[in-house]
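S.K.: Sharing model20.json below, JSON, C-alpha atoms:
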```
[["chain", "number", "residue", "atom", "x", "y", "z"],
["N", 1378, "MET", "CA", 110.89, 60.45, 56.81],
["N", 1379, "MET", "CA", 109.67, 58.97, 60.10],
["N", 1380, "SER", "CA", 110.45, 55.30, 60.66],
["N", 1381, "THR", "CA", 107.55, 52.92, 61.29],
["N", 1382, "SER", "CA", 108.86, 52.06, 64.78],
["N", 1383, "VAL", "CA", 108.83, 55.75, 65.81],
["N", 1384, "LEU", "CA", 105.36, 56.14, 64.30],
["N", 1385, "ALA", "CA", 104.09, 53.06, 66.14],
["N", 1386, "GLN", "CA", 105.50, 54.34, 69.44],
["N", 1387, "SER", "CA", 103.87, 57.74, 69.02],
["N", 1388, "GLU", "CA", 100.52, 56.19, 68.09],
["N", 1389, "GLY", "CA", 100.74, 53.87, 71.10],
["N", 1390, "GLY", "CA", 101.36, 56.90, 73.29],
["N", 1391, "GLN", "CA", 98.25, 58.62, 71.96],
["N", 1392, "SER", "CA", 96.17, 55.46, 72.43],
["N", 1393, "ALA", "CA", 97.35, 55.19, 76.01],
["N", 1394, "LEU", "CA", 96.33, 58.79, 76.66],
["N", 1395, "LEU", "CA", 92.87, 58.27, 75.20],
["N", 1396, "SER", "CA", 92.19, 54.85, 76.73],
["N", 1397, "GLY", "CA", 91.25, 56.47, 80.04],
["N", 1398, "LEU", "CA", 88.23, 58.13, 78.44],
["N", 1399, "ILE", "CA", 86.16, 54.94, 78.62],
["N", 1400, "SER", "CA", 87.29, 53.82, 82.08],
["N", 1401, "PRO", "CA", 85.07, 54.22, 85.15],
["N", 1402, "HIS", "CA", 85.99, 57.24, 87.27],
["N", 1403, "THR", "CA", 86.26, 57.59, 91.03],
["N", 1404, "TYR", "CA", 85.36, 61.26, 91.05],
["N", 1405, "VAL", "CA", 82.47, 63.61, 90.40],
["N", 1406, "GLN", "CA", 82.93, 66.02, 87.49],
["N", 1407, "LYS", "CA", 82.02, 69.57, 88.53],
["N", 1408, "ARG", "CA", 81.99, 72.81, 86.58],
["N", 1409, "ALA", "CA", 81.96, 76.44, 87.59],
["N", 1410, "SER", "CA", 81.03, 79.02, 84.99],
["N", 1411, "SER", "CA", 79.65, 82.44, 84.21],
["N", 1412, "TYR", "CA", 76.28, 81.02, 83.12],
["N", 1413, "ASP", "CA", 73.20, 83.22, 83.49],
["N", 1414, "ARG", "CA", 71.53, 82.12, 86.74],
["N", 1415, "THR", "CA", 68.17, 83.51, 85.50],
["N", 1416, "GLY", "CA", 68.10, 81.13, 82.52],
["N", 1417, "GLY", "CA", 68.63, 83.98, 80.05],
["N", 1418, "ASN", "CA", 71.55, 84.65, 77.76],
["N", 1419, "ASP", "CA", 73.54, 87.09, 79.92],
["N", 1420, "ASP", "CA", 76.29, 84.55, 80.63],
["N", 1421, "PHE", "CA", 79.02, 87.10, 81.26],
["N", 1422, "PHE", "CA", 80.16, 89.63, 83.82],
["N", 1423, "LYS", "CA", 81.35, 93.22, 83.48],
["N", 1424, "ILE", "CA", 84.40, 94.38, 85.43],
["N", 1425, "ALA", "CA", 84.72, 98.11, 86.16],
["N", 1426, "PRO", "CA", 88.14, 99.73, 86.58],
["N", 1427, "GLY", "CA", 89.39, 98.80, 90.04],
["N", 1428, "GLY", "CA", 86.81, 96.03, 90.31],
["N", 1429, "THR", "CA", 87.51, 92.42, 91.23],
["N", 1430, "LEU", "CA", 85.53, 89.42, 89.99],
["N", 1431, "THR", "CA", 85.73, 86.08, 91.79],
["N", 1432, "ILE", "CA", 85.59, 83.43, 89.07],
["N", 1433, "LEU", "CA", 86.02, 80.44, 91.36],
["N", 1434, "ASP", "CA", 85.43, 79.81, 95.05],
["N", 1435, "GLU", "CA", 85.16, 76.06, 95.56],
["N", 1436, "SER", "CA", 85.74, 73.65, 98.41],
["N", 1437, "GLY", "CA", 87.86, 70.55, 97.92],
["N", 1438, "PRO", "CA", 89.53, 68.26, 97.64],
["N", 1439, "ALA", "CA", 89.56, 68.64, 93.88],
["N", 1440, "ILE", "CA", 91.77, 69.36, 90.90],
["N", 1441, "ILE", "CA", 91.15, 72.15, 88.42],
["N", 1442, "THR", "CA", 91.80, 70.46, 85.09],
["N", 1443, "HIS", "CA", 90.67, 73.12, 82.62],
["N", 1444, "VAL", "CA", 90.23, 76.89, 82.76],
["N", 1445, "TRP", "CA", 88.54, 78.62, 79.81],
["N", 1446, "ILE", "CA", 88.20, 82.40, 79.62],
["N", 1447, "ALA", "CA", 86.89, 84.67, 76.87],
["N", 1448, "LEU", "CA", 86.48, 88.40, 77.20],
["N", 1449, "GLY", "CA", 85.53, 91.54, 75.40],
["N", 1450, "ALA", "CA", 87.54, 94.62, 76.29],
["N", 1451, "SER", "CA", 88.49, 97.55, 74.11],
["N", 1452, "GLU", "CA", 91.31, 98.97, 76.23],
["N", 1453, "ARG", "CA", 94.70, 98.54, 74.60],
["N", 1454, "TYR", "CA", 96.81, 95.85, 76.29],
["N", 1455, "HIS", "CA", 93.97, 94.80, 78.59],
["N", 1456, "LEU", "CA", 95.67, 91.39, 78.94],
["N", 1457, "LYS", "CA", 98.38, 93.20, 80.94],
["N", 1458, "LYS", "CA", 95.87, 95.23, 82.99],
["N", 1459, "LEU", "CA", 93.72, 92.33, 84.16],
["N", 1460, "VAL", "CA", 95.42, 90.64, 87.13],
["N", 1461, "LEU", "CA", 94.81, 86.95, 87.83],
["N", 1462, "ARG", "CA", 95.18, 85.76, 91.44],
["N", 1463, "MET", "CA", 94.86, 82.18, 92.69],
["N", 1464, "TYR", "CA", 94.57, 81.24, 96.34],
["N", 1465, "TRP", "CA", 94.79, 77.68, 97.65],
["N", 1466, "ASP", "CA", 93.52, 76.25, 100.95],
["N", 1467, "ASP", "CA", 92.48, 79.54, 102.60],
["N", 1468, "GLU", "CA", 95.74, 81.40, 101.93],
["N", 1469, "THR", "CA", 95.63, 85.12, 102.70],
["N", 1470, "SER", "CA", 98.10, 86.02, 99.94],
["N", 1471, "ALA", "CA", 97.92, 84.68, 96.39],
["N", 1472, "SER", "CA", 100.09, 81.78, 95.24],
["N", 1473, "VAL", "CA", 99.66, 83.04, 91.68],
["N", 1474, "GLU", "CA", 99.56, 86.76, 90.87],
["N", 1475, "THR", "CA", 100.16, 87.68, 87.25],
["N", 1476, "PRO", "CA", 98.70, 89.62, 84.34],
["N", 1477, "LEU", "CA", 96.02, 87.47, 82.74],
["N", 1478, "GLY", "CA", 97.78, 87.37, 79.37],
["N", 1479, "ASP", "CA", 101.08, 86.25, 80.91],
["N", 1480, "PHE", "CA", 99.38, 83.26, 82.57],
["N", 1481, "PHE", "CA", 97.97, 82.15, 79.22],
["N", 1482, "GLY", "CA", 101.26, 82.56, 77.33],
["N", 1483, "LEU", "CA", 100.48, 86.01, 75.90],
["N", 1484, "GLY", "CA", 103.25, 87.93, 77.63],
["N", 1485, "LEU", "CA", 103.36, 90.71, 75.04],
["N", 1486, "GLY", "CA", 99.84, 91.84, 75.95],
["N", 1487, "ASP", "CA", 98.24, 91.00, 72.61],
["N", 1488, "TYR", "CA", 96.37, 87.97, 71.26],
["N", 1489, "PHE", "CA", 98.16, 85.34, 69.17],
["N", 1490, "GLN", "CA", 96.59, 82.01, 68.32],
["N", 1491, "PHE", "CA", 98.63, 78.98, 69.42],
["N", 1492, "ALA", "CA", 98.20, 75.48, 70.84],
["N", 1493, "SER", "CA", 100.41, 73.51, 73.20],
["N", 1494, "ILE", "CA", 99.76, 70.74, 75.72],
["N", 1495, "PRO", "CA", 99.18, 73.01, 78.75],
["N", 1496, "LEU", "CA", 97.95, 76.22, 77.06],
["N", 1497, "ALA", "CA", 96.00, 77.27, 74.00],
["N", 1498, "VAL", "CA", 94.62, 80.47, 72.57],
["N", 1499, "ALA", "CA", 91.84, 79.75, 70.09],
["N", 1500, "PRO", "CA", 90.23, 82.02, 67.52],
["N", 1501, "ASP", "CA", 87.89, 84.64, 68.99],
["N", 1502, "LYS", "CA", 90.30, 85.17, 71.88],
["N", 1503, "ALA", "CA", 89.42, 82.04, 73.88],
["N", 1504, "LEU", "CA", 92.09, 81.39, 76.53],
["N", 1505, "ASN", "CA", 92.58, 77.79, 77.68],
["N", 1506, "CYS", "CA", 94.73, 76.34, 80.45],
["N", 1507, "PHE", "CA", 95.12, 72.61, 81.11],
["N", 1508, "PHE", "CA", 97.61, 72.72, 84.01],
["N", 1509, "PRO", "CA", 96.33, 70.35, 86.71],
["N", 1510, "MET", "CA", 95.88, 72.48, 89.84],
["N", 1511, "PRO", "CA", 95.06, 70.36, 92.90],
["N", 1512, "PHE", "CA", 93.80, 71.75, 96.19],
["N", 1513, "ARG", "CA", 92.80, 70.16, 99.47],
["N", 1514, "LYS", "CA", 90.41, 72.53, 101.23],
["N", 1515, "ARG", "CA", 89.53, 75.44, 98.97],
["N", 1516, "ALA", "CA", 90.43, 77.21, 95.72],
["N", 1517, "ARG", "CA", 89.65, 80.83, 94.98],
["N", 1518, "ILE", "CA", 90.48, 82.62, 91.70],
["N", 1519, "THR", "CA", 89.95, 86.34, 91.11],
["N", 1520, "ILE", "CA", 90.41, 88.79, 88.25],
["N", 1521, "THR", "CA", 91.07, 92.47, 89.02],
["N", 1522, "ASN", "CA", 90.72, 95.18, 86.40],
["N", 1523, "GLU", "CA", 93.66, 97.52, 86.96],
["N", 1524, "GLY", "CA", 92.97, 99.33, 83.69],
["N", 1525, "LYS", "CA", 91.12, 102.57, 83.03],
["N", 1526, "GLU", "CA", 88.22, 101.14, 81.01],
["N", 1527, "ASP", "CA", 85.44, 98.64, 81.68],
["N", 1528, "VAL", "CA", 85.74, 95.02, 80.63],
["N", 1529, "ASP", "CA", 82.44, 94.70, 78.78],
["N", 1530, "SER", "CA", 82.14, 90.92, 78.94],
["N", 1531, "PHE", "CA", 84.06, 88.32, 80.89],
["N", 1532, "LEU", "CA", 83.08, 84.69, 80.41],
["N", 1533, "PHE", "CA", 84.65, 81.70, 82.12],
["N", 1534, "GLN", "CA", 84.31, 77.99, 82.77],
["N", 1535, "HIS", "CA", 86.37, 75.68, 84.99],
["N", 1536, "ARG", "CA", 86.40, 71.88, 85.13],
["N", 1537, "LEU", "CA", 86.91, 70.44, 88.64],
["N", 1538, "PRO", "CA", 86.84, 66.68, 89.14],
["N", 1539, "SER", "CA", 86.45, 66.15, 92.88],
["N", 1540, "VAL", "CA", 86.95, 63.07, 95.01],
["N", 1541, "GLU", "CA", 83.74, 61.32, 96.02]]
```
Give the structure from this file in structure tokens form.
M.R.:
Amino acid sequence: MMSTSVLAQSEGGQSALLSGLISPHTYVQKRASSYDRTGGNDDFFKIAPGGTLTILDESGPAIITHVWIALGASERYHLKKLVLRMYWDDETSASVETPLGDFFGLGLGDYFQFASIPLAVAPDKALNCFFPMPFRKRARITITNEGKEDVDSFLFQHRLPSVE
């Protein structure tokens, strides 16, 4: 059984984390997403084999605080065949280059639901990352389909608080 002092400490920790929600902020909250620019409901992209989709190309300074991705692909182990690359501040080679599933904690190439502080995989194959990723001048994130089949739908959203 948990002692009341341990319980009080853990509750105080949670309160401290949530207290910042009501405080004034010194940044502008931005989002980048796959929304349909025509106002319709086609809020996704297709990625052909060998194709690359840029899912973020943003100037800074800013911090990426949340990355959400959901996709529909029928190719077996597509999480291993989609390659995620992240470039910071106009780099010519990627700082991050990994199979998409590995980045989101799915290193076996299949979906498993889990939740942790920095990563979560929700039902319906929603991939979430909460690693704070700061950049000074520019951030660019791409996905390359190195598989043999199309990715039928690729949806994404990023949260980017930027300094005013």
S.K.: In Å, rounded to a single decimal, give me how far CA of Ala1439 in chain N is from CA of Trp1465 in chain N.
M.R.: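 According to the coordinates, CA of Trp1465 in chain N and CA of Ala1439 in chain N are separated by 11.1 Å.
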S.K.: CA of Val1444 in chain N and CA of Thr1403 in chain N, how far apart in Å?
M.R.: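 Atom-to-atom, CA of Thr1403 in chain N and CA of Val1444 in chain N are spaced 21.4 Å apart.
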S.K.: Taking into account all atoms listed in the file, which residue in the set N:Ile1440, N:Val1460, N:Ala1450, N:Val1528 is nearest to Phe1512 in chain N?
M.R.: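 The shortest atom-to-atom distance to Phe1512 in chain N comes from N:Ile1440.
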S.K.: Using all atoms listed in the file, which residue out of N:Gln1534, N:Thr1442, N:Thr1429, N:Thr1521 lies closest to Thr1475 in chain N?
M.R.: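 Ranked by minimum distance to Thr1475 in chain N, first place goes to N:Thr1521.
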S.K.: Of the candidates N:His1455, N:Arg1462, N:Arg1536, N:Arg1515, which one gets nearest to Thr1431 in chain N if we count all atoms listed in the file?
M.R.: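 So, comparing all the options, the nearest one is N:Arg1462.
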S.K.: Under the rule that only C-alpha atoms are counted, which of N:Ala1447, N:Met1463, N:Ala1492, N:Cys1506 is the nearest residue to Glu1435 in chain N?
M.R.: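 Closest candidate: N:Met1463.
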S.K.: Could you give me, as a count of residues only, the residues within 10 Å of Ser1436 in chain N, counting only C-alpha atoms and dropping anything in the same chain fewer than 4 positions from it?
M.R.: 10
S.K.: Which residue out of N:Ala1425, N:Gly1449, N:Pro1438, N:Leu1483 has the minimum interatomic distance to Ser1530 in chain N when all atoms listed in the file are used?
M.R.: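 Among the listed residues, N:Gly1449 lies closest to Ser1530 in chain N.
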S.K.: Closest to Ser1470 in chain N among N:Ile1518, N:Glu1523, N:Phe1533, N:Ile1432, using only C-alpha atoms?
M.R.: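 Looking only at the distances to Ser1470 in chain N, the closest residue turns out to be N:Ile1518.
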S.K.: One decimal, in Å: what's the spacing between CA of Asn1522 in chain N and CA of Pro1476 in chain N?
M.R.: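 We find that CA of Asn1522 in chain N and CA of Pro1476 in chain N lie 9.9 Å from each other.
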S.K.: Can you pull out every residue within 9 Å of Phe1481 in chain N, counting only C-alpha atoms, but drop anything in the same chain fewer than 2 positions away, and send it as a PDB file with C-alpha atoms, in the frame of the given file?
M.R.:
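Listing of selection-v6.pdb after writing:
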```pdb
ATOM      1  CA  LEU N1477      96.020  87.470  82.740  1.00  0.00           C
ATOM      2  CA  GLY N1478      97.780  87.370  79.370  1.00  0.00           C
ATOM      3  CA  ASP N1479     101.080  86.250  80.910  1.00  0.00           C
ATOM      4  CA  LEU N1483     100.480  86.010  75.900  1.00  0.00           C
ATOM      5  CA  GLY N1484     103.250  87.930  77.630  1.00  0.00           C
ATOM      6  CA  LEU N1496      97.950  76.220  77.060  1.00  0.00           C
ATOM      7  CA  ALA N1497      96.000  77.270  74.000  1.00  0.00           C
ATOM      8  CA  VAL N1498      94.620  80.470  72.570  1.00  0.00           C
ATOM      9  CA  LEU N1504      92.090  81.390  76.530  1.00  0.00           C
ATOM     10  CA  ASN N1505      92.580  77.790  77.680  1.00  0.00           C
ATOM     11  CA  CYS N1506      94.730  76.340  80.450  1.00  0.00           C
TER      12      CYS N1506
END
```
